[in-house]
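work.txt, holding compact mmCIF, C-alpha atoms and all ligand atoms:
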```
# COMPACT_ATOMS: atom_id res chain seq x y z
CA MET H 1458 -1.22 17.97 10.44
CA GLY H 1459 -2.13 15.87 7.33
CA ILE H 1460 -3.48 12.35 7.46
CA SER H 1461 -1.04 9.49 6.82
CA LYS H 1462 -2.09 7.88 3.53
CA GLU H 1463 -0.27 4.69 4.53
CA LEU H 1464 -3.12 3.87 6.88
CA ASP H 1465 -5.60 3.96 3.95
CA GLY H 1466 -4.52 0.38 3.13
CA PRO H 1467 -5.10 -2.05 1.71
CA PHE H 1468 -4.03 -4.47 4.43
CA PRO H 1469 -4.41 -8.26 4.45
CA TRP H 1470 -7.11 -8.82 7.10
CA ARG H 1471 -4.78 -10.61 9.51
CA GLU H 1472 -2.52 -7.52 9.43
CA ALA H 1473 -5.30 -4.92 9.69
CA PRO H 1474 -4.35 -1.97 11.91
CA VAL H 1475 -6.45 -0.73 14.80
CA ALA H 1476 -8.94 1.70 13.21
CA ASP H 1477 -12.62 2.66 13.41
CA TYR H 1478 -14.04 1.83 9.98
CA ALA H 1479 -12.97 -0.14 6.90
CA VAL H 1480 -14.09 -1.42 3.53
CA ILE H 1481 -13.53 -5.13 2.86
CA GLY H 1482 -13.42 -6.79 -0.56
CA ASP H 1483 -11.44 -8.77 -3.13
CA PRO H 1484 -10.03 -6.97 -5.08
CA ILE H 1485 -9.85 -3.92 -2.84
CA SER H 1486 -6.87 -1.81 -3.95
CA HIS H 1487 -9.09 0.23 -6.33
CA SER H 1488 -11.31 1.49 -3.50
CA ARG H 1489 -11.42 5.23 -2.87
CA SER H 1490 -13.58 4.84 0.23
CA PRO H 1491 -10.67 5.43 2.69
CA GLN H 1492 -9.70 8.79 1.16
CA MET H 1493 -13.37 9.81 1.01
CA HIS H 1494 -14.28 8.94 4.61
CA ASN H 1495 -10.99 10.19 6.09
CA ALA H 1496 -11.46 13.55 4.35
CA ALA H 1497 -14.97 13.75 5.85
CA TYR H 1498 -13.70 12.99 9.38
CA GLN H 1499 -10.93 15.57 9.01
CA ALA H 1500 -13.36 18.24 7.75
CA LEU H 1501 -15.58 17.71 10.80
CA GLY H 1502 -12.66 17.49 13.24
CA LEU H 1503 -13.41 13.86 14.13
CA THR H 1504 -10.55 11.66 15.36
CA LEU H 1505 -11.72 8.61 13.41
CA ARG H 1506 -9.82 6.41 11.00
CA TYR H 1507 -11.07 4.45 7.93
CA THR H 1508 -8.92 1.91 6.09
CA SER H 1509 -9.26 -0.82 3.46
CA VAL H 1510 -8.84 -4.52 4.13
CA HIS H 1511 -8.32 -7.35 1.68
CA VAL H 1512 -10.56 -10.32 2.49
CA PRO H 1513 -10.51 -13.28 0.06
CA ARG H 1514 -13.69 -15.21 -0.72
CA GLY H 1515 -14.49 -17.77 1.99
CA GLU H 1516 -12.68 -15.86 4.77
CA VAL H 1517 -15.37 -13.26 5.50
CA THR H 1518 -16.62 -14.69 8.82
CA GLU H 1519 -13.12 -15.11 10.27
CA ALA H 1520 -12.07 -11.66 9.05
CA LEU H 1521 -15.14 -9.91 10.52
CA ASP H 1522 -14.59 -11.63 13.89
CA HIS H 1523 -11.00 -10.40 13.79
CA LEU H 1524 -11.96 -6.81 12.89
CA LYS H 1525 -14.63 -6.74 15.60
CA GLY H 1526 -11.99 -7.91 18.07
CA LEU H 1527 -9.77 -5.00 17.00
CA GLY H 1528 -12.59 -2.60 17.88
CA TYR H 1529 -13.85 -1.62 14.41
CA LYS H 1530 -17.17 0.25 14.68
CA GLY H 1531 -18.36 -0.16 11.10
CA ILE H 1532 -17.53 -2.02 7.89
CA ASN H 1533 -18.40 -1.34 4.27
CA VAL H 1534 -18.60 -4.41 2.06
CA THR H 1535 -17.77 -4.57 -1.62
CA VAL H 1536 -17.32 -7.17 -4.36
CA PRO H 1537 -17.79 -10.16 -3.96
CA HIS H 1538 -18.93 -10.32 -0.30
CA LYS H 1539 -22.28 -8.52 -0.11
CA GLU H 1540 -24.22 -11.76 0.25
CA GLU H 1541 -21.66 -13.81 2.15
CA VAL H 1542 -21.50 -11.29 5.04
CA ILE H 1543 -25.15 -11.98 5.88
CA ASP H 1544 -24.15 -15.32 7.43
CA TRP H 1545 -22.05 -13.41 10.00
CA LEU H 1546 -24.67 -10.80 10.87
CA GLY H 1547 -27.11 -11.03 13.74
CA ASP H 1548 -29.76 -9.13 11.77
CA CYS H 1549 -30.26 -6.76 8.85
CA ASP H 1550 -32.87 -4.30 7.68
CA ALA H 1551 -35.86 -5.53 5.69
CA PHE H 1552 -34.60 -4.39 2.27
CA ALA H 1553 -31.09 -5.84 2.71
CA SER H 1554 -32.57 -9.06 3.97
CA ARG H 1555 -34.95 -9.32 0.98
CA VAL H 1556 -32.26 -8.67 -1.65
CA ARG H 1557 -29.54 -10.54 0.27
CA SER H 1558 -27.06 -7.72 -0.21
CA VAL H 1559 -25.39 -5.79 2.61
CA ASN H 1560 -22.79 -3.08 2.04
CA THR H 1561 -22.80 -1.37 5.46
CA ILE H 1562 -22.38 -3.06 8.85
CA ARG H 1563 -22.69 -1.67 12.38
CA MET H 1564 -20.29 -3.88 14.29
CA ALA H 1565 -21.61 -3.33 17.86
CA ASP H 1566 -24.79 -5.34 17.22
CA LYS H 1567 -23.73 -7.01 13.94
CA PHE H 1568 -26.49 -5.21 12.01
CA GLY H 1569 -26.44 -4.90 8.21
CA PHE H 1570 -27.88 -2.30 5.81
CA ASN H 1571 -27.86 -1.61 2.12
CA THR H 1572 -27.00 1.96 1.13
CA ASP H 1573 -26.27 1.12 -2.55
CA ALA H 1574 -29.95 1.06 -3.53
CA PRO H 1575 -31.10 4.41 -2.08
CA ALA H 1576 -27.85 6.02 -3.26
CA PHE H 1577 -28.30 4.67 -6.78
CA MET H 1578 -31.89 5.97 -6.96
CA GLU H 1579 -30.70 9.38 -5.77
CA THR H 1580 -28.14 9.52 -8.60
CA LEU H 1581 -30.92 8.76 -11.12
CA ARG H 1582 -32.85 11.79 -9.88
CA LEU H 1583 -29.72 13.90 -10.48
CA LEU H 1584 -29.47 12.44 -14.01
CA ASN H 1585 -33.13 13.24 -14.63
CA LEU H 1586 -34.07 9.64 -15.46
CA PRO H 1587 -37.65 9.35 -14.15
CA PRO H 1588 -39.66 6.22 -13.30
CA GLY H 1589 -41.05 4.65 -16.46
CA THR H 1590 -37.67 4.79 -18.24
CA PRO H 1591 -37.16 1.30 -19.79
CA THR H 1592 -34.00 -0.04 -18.16
CA LEU H 1593 -31.56 -2.86 -18.85
CA VAL H 1594 -29.62 -4.08 -15.80
CA LEU H 1595 -26.48 -6.10 -16.53
CA GLY H 1596 -25.47 -8.50 -13.76
CA ALA H 1597 -27.18 -10.50 -11.04
CA GLY H 1598 -24.68 -10.18 -8.17
CA GLY H 1599 -25.11 -8.39 -4.85
CA SER H 1600 -25.22 -4.87 -6.26
CA SER H 1601 -27.52 -5.83 -9.15
CA ARG H 1602 -30.02 -7.46 -6.81
CA ALA H 1603 -30.25 -4.29 -4.71
CA ILE H 1604 -30.33 -1.89 -7.67
CA ALA H 1605 -32.80 -3.93 -9.76
CA THR H 1606 -35.16 -4.27 -6.80
CA ALA H 1607 -35.07 -0.53 -6.06
CA LEU H 1608 -35.66 0.25 -9.76
CA SER H 1609 -38.58 -2.15 -9.97
CA GLU H 1610 -40.16 -0.80 -6.75
CA ASP H 1611 -39.89 2.75 -8.16
CA GLY H 1612 -41.62 1.85 -11.44
CA TYR H 1613 -38.81 1.31 -13.96
CA PRO H 1614 -39.68 -1.49 -16.45
CA LEU H 1615 -36.68 -3.86 -16.38
CA HIS H 1616 -34.77 -6.27 -18.54
CA ILE H 1617 -32.06 -8.12 -16.62
CA TRP H 1618 -29.15 -9.91 -18.26
CA ASN H 1619 -26.42 -11.92 -16.56
CA ARG H 1620 -23.42 -13.84 -17.90
CA THR H 1621 -24.79 -16.89 -16.10
CA PRO H 1622 -28.40 -16.61 -17.34
CA GLY H 1623 -29.98 -18.78 -14.62
CA LYS H 1624 -28.99 -16.21 -11.99
CA ALA H 1625 -30.92 -13.43 -13.79
CA ARG H 1626 -33.99 -15.66 -14.01
CA ALA H 1627 -33.66 -16.58 -10.32
CA LEU H 1628 -33.33 -12.91 -9.40
CA VAL H 1629 -36.60 -11.95 -11.11
CA LYS H 1630 -38.44 -14.95 -9.67
CA GLU H 1631 -37.13 -14.98 -6.09
CA LEU H 1632 -37.47 -11.22 -5.63
CA ASP H 1633 -40.86 -11.27 -7.35
CA LEU H 1634 -39.94 -8.14 -9.33
CA GLU H 1635 -42.79 -6.37 -11.06
CA ASP H 1636 -42.54 -5.56 -14.79
CA ALA H 1637 -39.15 -7.31 -15.00
CA LEU H 1638 -37.91 -9.90 -17.47
CA ALA H 1639 -34.68 -11.91 -17.52
CA ILE H 1640 -33.14 -11.93 -21.01
CA ASP H 1641 -30.44 -14.18 -22.46
CA THR H 1642 -28.56 -11.58 -24.54
CA PRO H 1643 -27.66 -8.01 -23.49
CA ASP H 1644 -29.99 -6.41 -26.04
CA ILE H 1645 -30.09 -2.62 -25.50
CA ARG H 1646 -32.85 -1.88 -28.04
CA GLY H 1647 -35.50 0.35 -26.46
CA ALA H 1648 -33.56 0.95 -23.23
CA GLY H 1649 -33.32 4.55 -22.02
CA LEU H 1650 -30.98 3.46 -19.22
CA ILE H 1651 -28.37 0.69 -19.37
CA VAL H 1652 -26.85 -0.11 -15.97
CA ASN H 1653 -23.65 -2.12 -15.82
CA ALA H 1654 -23.73 -3.67 -12.34
CA THR H 1655 -21.32 -6.47 -13.25
CA SER H 1656 -17.70 -6.49 -12.10
CA ALA H 1657 -16.52 -6.85 -15.74
CA SER H 1658 -15.01 -3.33 -15.81
CA LEU H 1659 -13.12 -4.05 -12.59
CA ALA H 1660 -11.45 -7.01 -14.33
CA GLY H 1661 -10.85 -5.01 -17.54
CA GLU H 1662 -13.26 -7.27 -19.43
CA ARG H 1663 -15.77 -6.18 -22.08
CA LEU H 1664 -19.47 -6.98 -22.36
CA PRO H 1665 -21.01 -8.17 -25.65
CA ILE H 1666 -23.14 -5.08 -26.34
CA ASN H 1667 -24.02 -3.69 -29.76
CA TRP H 1668 -24.06 0.07 -29.14
CA ASP H 1669 -25.40 0.73 -32.66
CA ASP H 1670 -28.77 -0.41 -31.25
CA ALA H 1671 -28.95 2.43 -28.68
CA ILE H 1672 -31.96 4.72 -28.81
CA PRO H 1673 -31.41 8.51 -28.88
CA GLY H 1674 -30.89 9.96 -25.40
CA ALA H 1675 -29.94 6.60 -23.83
CA VAL H 1676 -27.66 6.69 -20.77
CA ALA H 1677 -24.97 4.06 -20.09
CA TYR H 1678 -24.29 3.90 -16.33
CA ASP H 1679 -21.41 1.80 -15.00
CA VAL H 1680 -21.60 1.45 -11.23
CA MET H 1681 -17.81 0.91 -11.26
CA TYR H 1682 -15.67 4.03 -10.95
CA GLY H 1683 -12.11 5.06 -11.66
CA ALA H 1684 -11.02 2.28 -14.07
CA ALA H 1685 -8.15 3.49 -16.29
CA LEU H 1686 -9.80 1.58 -19.12
CA ASN H 1687 -13.54 1.04 -19.11
CA SER H 1688 -14.62 -0.57 -22.38
CA PHE H 1689 -18.33 -0.36 -21.40
CA LEU H 1690 -18.25 3.43 -21.03
CA ASP H 1691 -15.70 3.97 -23.82
CA GLU H 1692 -17.73 1.94 -26.33
CA ALA H 1693 -20.96 3.62 -25.23
CA SER H 1694 -19.42 7.07 -25.78
CA LEU H 1695 -18.13 6.05 -29.19
CA GLY H 1696 -21.67 4.89 -30.01
CA GLY H 1697 -23.00 8.37 -29.12
CA VAL H 1698 -24.47 7.26 -25.78
CA ARG H 1699 -24.08 9.42 -22.66
CA ALA H 1700 -21.66 7.61 -20.34
CA VAL H 1701 -21.81 7.93 -16.53
CA ASP H 1702 -19.48 6.20 -14.06
CA GLY H 1703 -20.10 5.19 -10.44
CA LEU H 1704 -18.29 8.04 -8.69
CA ALA H 1705 -21.46 9.87 -7.65
CA LEU H 1706 -22.84 6.52 -6.43
CA LEU H 1707 -19.68 5.99 -4.36
CA VAL H 1708 -20.16 9.38 -2.70
CA MET H 1709 -23.90 8.93 -2.11
CA GLN H 1710 -23.64 5.43 -0.61
CA GLY H 1711 -20.62 6.54 1.45
CA ALA H 1712 -22.49 9.60 2.74
CA LEU H 1713 -25.43 7.42 3.84
CA ALA H 1714 -23.05 5.01 5.62
CA PHE H 1715 -21.26 7.98 7.26
CA GLU H 1716 -24.54 9.41 8.57
CA PHE H 1717 -25.68 6.02 9.83
CA TRP H 1718 -22.45 5.44 11.73
CA VAL H 1719 -21.39 8.91 12.85
CA LYS H 1720 -24.87 10.46 13.34
CA LYS H 1721 -23.85 13.75 11.71
CA ASN H 1722 -24.66 15.24 8.30
CA ALA H 1723 -22.10 14.01 5.77
CA PRO H 1724 -19.98 16.73 4.13
CA HIS H 1725 -20.90 15.74 0.55
CA GLU H 1726 -18.71 18.35 -1.16
CA VAL H 1727 -15.62 17.34 0.83
CA MET H 1728 -16.24 13.66 0.04
CA TRP H 1729 -16.78 14.42 -3.63
CA GLU H 1730 -13.55 16.45 -3.85
CA ALA H 1731 -11.63 13.64 -2.11
CA VAL H 1732 -12.51 11.00 -4.71
CA ARG H 1733 -12.31 13.02 -7.94
P1 LIG Z 1801 -20.71 -9.65 -7.29
O1 LIG Z 1801 -19.44 -10.40 -7.20
O2 LIG Z 1801 -21.79 -9.93 -6.29
O3 LIG Z 1801 -21.37 -9.89 -8.76
C1 LIG Z 1801 -20.58 -9.79 -9.90
C2 LIG Z 1801 -21.46 -9.81 -11.14
O4 LIG Z 1801 -20.64 -9.48 -12.27
C3 LIG Z 1801 -22.11 -11.15 -11.44
O5 LIG Z 1801 -23.38 -10.89 -12.01
C4 LIG Z 1801 -21.16 -11.75 -12.48
O6 LIG Z 1801 -21.78 -12.66 -13.35
C5 LIG Z 1801 -20.79 -10.51 -13.25
N1 LIG Z 1801 -19.50 -10.60 -13.99
C6 LIG Z 1801 -18.27 -10.69 -13.48
N2 LIG Z 1801 -17.35 -10.70 -14.47
C7 LIG Z 1801 -18.05 -10.61 -15.65
C8 LIG Z 1801 -17.67 -10.59 -17.02
N3 LIG Z 1801 -16.40 -10.65 -17.41
N4 LIG Z 1801 -18.65 -10.49 -17.95
C9 LIG Z 1801 -19.95 -10.43 -17.58
N5 LIG Z 1801 -20.36 -10.45 -16.29
C10 LIG Z 1801 -19.42 -10.55 -15.33
O7 LIG Z 1801 -20.29 -8.10 -7.30
P2 LIG Z 1801 -21.12 -6.83 -6.82
O8 LIG Z 1801 -22.48 -6.93 -7.34
O9 LIG Z 1801 -20.93 -6.61 -5.38
O10 LIG Z 1801 -20.33 -5.62 -7.55
C11 LIG Z 1801 -20.39 -5.44 -8.95
C12 LIG Z 1801 -19.62 -4.16 -9.32
O11 LIG Z 1801 -20.29 -3.01 -8.83
C13 LIG Z 1801 -18.19 -4.08 -8.76
O12 LIG Z 1801 -17.35 -3.63 -9.80
C14 LIG Z 1801 -18.30 -3.02 -7.67
O13 LIG Z 1801 -17.09 -2.33 -7.47
C15 LIG Z 1801 -19.36 -2.10 -8.27
N6 LIG Z 1801 -20.07 -1.26 -7.28
C16 LIG Z 1801 -19.74 0.08 -7.16
C17 LIG Z 1801 -20.42 0.89 -6.27
C18 LIG Z 1801 -20.02 2.31 -6.13
O14 LIG Z 1801 -20.09 2.82 -5.01
N7 LIG Z 1801 -19.69 3.00 -7.18
C19 LIG Z 1801 -21.50 0.37 -5.42
C20 LIG Z 1801 -21.80 -1.02 -5.67
C21 LIG Z 1801 -21.09 -1.78 -6.54
P3 LIG Z 1801 -21.85 -14.26 -13.04
O15 LIG Z 1801 -23.07 -14.45 -12.18
O16 LIG Z 1801 -21.97 -14.88 -14.37
O17 LIG Z 1801 -20.57 -14.61 -12.33
```
Go ahead and express the file in the form of structure tokens.
Amino acid sequence: MGISKELDGPFPWREAPVADYAVIGDPISHSRSPQMHNAAYQALGLTLRYTSVHVPRGEVTEALDHLKGLGYKGINVTVPHKEEVIDWLGDCDAFASRVRSVNTIRMADKFGFNTDAPAFMETLRLLNLPPGTPTLVLGAGGSSRAIATALSEDGYPLHIWNRTPGKARALVKELDLEDALAIDTPDIRGAGLIVNATSASLAGERLPINWDDAIPGAVAYDVMYGAALNSFLDEASLGGVRAVDGLALLVMQGALAFEFWVKKNAPHEVMWEAVR
């Protein structure tokens, strides 16, 4: 028997169904996490259910209490709540605590992890972008803090730009990132990797980048996936730059969350097929 797609959500948090796992965020309707995790459970014969839940800013604590009361075992967290959820948690791992960004929660003991950073670094290995590649990170939100820190720890020289420049400067200073500089304009000259970790593509908004400045062989990587229109990737392609979206990142971070929660090897191929 097939899985009912109606249970994939999204549901307003007060109307969330009884299920095992969910992703929370605002917006949330774009998320392919339910189809990816449910396909994995089905492939392994697990009677588990993953859904998506809309949680507006400022309602995270109340919503998580409610979902815990409904018996949810684990929660993924997306834009814009990766920092706000930390207030609800009892504890989180050292990396998530340092970067103040949690995307995976074990509900039983209210413990938070970050699977975005290791997943992102794994996708770079697949793209053959080794440490030492000069990198521009766009954004200073929850995902940027995790990704920029992982890049810096692995030896990628960084420039970091954010629409609100003070947040990029604070990121470099507070996280004490090595070989990293906050810059006031998104200047891509010299960058072998340009990571868009803003939510601009999610809102259909463009970033002020001059793609004529790209160096040969540069890669434009938008952590967002599945947007019908993605001006960052479209403009990069037009400028002759290799464009990569966040679908592989979705699968990698989802697989790590799956393995953490379910304690079985994640069926990567099944998850990949489910989101394509
Ligand atoms: P946050 O809300 O924490 O941060 C948003 C960031 O985007 C801020 O730096 C903000 O800048 C910037 N921003 C928003 N709108 C614009 C705009 N129009 N122009 C320039 N900058 C803008 O979000 P997250 O860090 O959690 O998520 C960011 C994106 O990454 C989301 O689209 C999310 O879906 C995606 N993501 C995808 C993953 C995947 O699995 N593929 C994994 C992780 C993230 P300011 O400070 O000025 O407000």
Exercise. Would you mind telling me which residue in H:Ser1601, H:Asn1653, H:Ser1486, H:Ser1509 lies nearest to H:Ala1473 when using only C-alpha atoms?
Key: H:Ser1509
Using only the atoms of stretch 1550-1561 of chain H listed in the file, plus 4 Å on each side, state the axis-aligned box centre and edge lengths in Å rounded to one decimal, as AutoDock Vina command-line options.
```
--center_x -29.3 --center_y -6.0 --center_z 3.0 --size_x 21.1 --size_y 17.2 --size_z 17.3
```
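The closest residue to ligand LIG 1801 (chain Z), picked from H:Ile1562, H:Ile1617, H:Val1701, H:Val1536 and counting all atoms listed in the file, is H:Val1536.
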Self-check item: Residues near stretch 1539-1546 of chain H, cut-off 12 Å, only C-alpha atoms, skip fewer than 5 positions along chain, as a PyMOL selection string
Solution: chain H and resi 1480-1483+1512-1522+1525+1532-1534+1553-1573+1597-1603
Practice problem: Could you please extract the residues within 7 Å of ligand LIG 1801 (chain Z), counting all atoms listed in the file, and hand them back as an MDAnalysis selection string? | Solution: chainID H and resid 1535:1539 1573 1596:1601 1619:1621 1624 1654:1660 1662:1664 1680:1682 1703:1704 1706:1708 1710
Export of the given selection (C-alpha atoms) as a PDB file, in the coordinates of the input:
```
ATOM      1  CA  THR H1535     -17.770  -4.570  -1.620  1.00  0.00           C
ATOM      2  CA  VAL H1536     -17.320  -7.170  -4.360  1.00  0.00           C
ATOM      3  CA  PRO H1537     -17.790 -10.160  -3.960  1.00  0.00           C
ATOM      4  CA  HIS H1538     -18.930 -10.320  -0.300  1.00  0.00           C
ATOM      5  CA  LYS H1539     -22.280  -8.520  -0.110  1.00  0.00           C
ATOM      6  CA  ASP H1573     -26.270   1.120  -2.550  1.00  0.00           C
ATOM      7  CA  GLY H1596     -25.470  -8.500 -13.760  1.00  0.00           C
ATOM      8  CA  ALA H1597     -27.180 -10.500 -11.040  1.00  0.00           C
ATOM      9  CA  GLY H1598     -24.680 -10.180  -8.170  1.00  0.00           C
ATOM     10  CA  GLY H1599     -25.110  -8.390  -4.850  1.00  0.00           C
ATOM     11  CA  SER H1600     -25.220  -4.870  -6.260  1.00  0.00           C
ATOM     12  CA  SER H1601     -27.520  -5.830  -9.150  1.00  0.00           C
ATOM     13  CA  ASN H1619     -26.420 -11.920 -16.560  1.00  0.00           C
ATOM     14  CA  ARG H1620     -23.420 -13.840 -17.900  1.00  0.00           C
ATOM     15  CA  THR H1621     -24.790 -16.890 -16.100  1.00  0.00           C
ATOM     16  CA  LYS H1624     -28.990 -16.210 -11.990  1.00  0.00           C
ATOM     17  CA  ALA H1654     -23.730  -3.670 -12.340  1.00  0.00           C
ATOM     18  CA  THR H1655     -21.320  -6.470 -13.250  1.00  0.00           C
ATOM     19  CA  SER H1656     -17.700  -6.490 -12.100  1.00  0.00           C
ATOM     20  CA  ALA H1657     -16.520  -6.850 -15.740  1.00  0.00           C
ATOM     21  CA  SER H1658     -15.010  -3.330 -15.810  1.00  0.00           C
ATOM     22  CA  LEU H1659     -13.120  -4.050 -12.590  1.00  0.00           C
ATOM     23  CA  ALA H1660     -11.450  -7.010 -14.330  1.00  0.00           C
ATOM     24  CA  GLU H1662     -13.260  -7.270 -19.430  1.00  0.00           C
ATOM     25  CA  ARG H1663     -15.770  -6.180 -22.080  1.00  0.00           C
ATOM     26  CA  LEU H1664     -19.470  -6.980 -22.360  1.00  0.00           C
ATOM     27  CA  VAL H1680     -21.600   1.450 -11.230  1.00  0.00           C
ATOM     28  CA  MET H1681     -17.810   0.910 -11.260  1.00  0.00           C
ATOM     29  CA  TYR H1682     -15.670   4.030 -10.950  1.00  0.00           C
ATOM     30  CA  GLY H1703     -20.100   5.190 -10.440  1.00  0.00           C
ATOM     31  CA  LEU H1704     -18.290   8.040  -8.690  1.00  0.00           C
ATOM     32  CA  LEU H1706     -22.840   6.520  -6.430  1.00  0.00           C
ATOM     33  CA  LEU H1707     -19.680   5.990  -4.360  1.00  0.00           C
ATOM     34  CA  VAL H1708     -20.160   9.380  -2.700  1.00  0.00           C
ATOM     35  CA  GLN H1710     -23.640   5.430  -0.610  1.00  0.00           C
TER      36      GLN H1710
END
```
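Considering only C-alpha atoms, the residue among H:Glu1579, H:Asp1633, H:Glu1472, H:Asp1465 positioned nearest to H:His1487 is H:Asp1465.
Among H:Leu1695, H:Asp1477, H:Leu1527, H:Ile1485, the residue with the shortest atom-to-atom distance to H:Leu1503, counting only C-alpha atoms, is H:Asp1477.
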Practice problem: Would you list the contacts of H:Ala1693 as an MDAnalysis selection string, taking every protein, DNA or RNA residue within 12 Å and counting all atoms listed in the file, but skipping same-chain residues closer than 2 positions in sequence? | Solution: chainID H and resid 1645 1650:1653 1663:1672 1674:1679 1687:1691 1695:1702
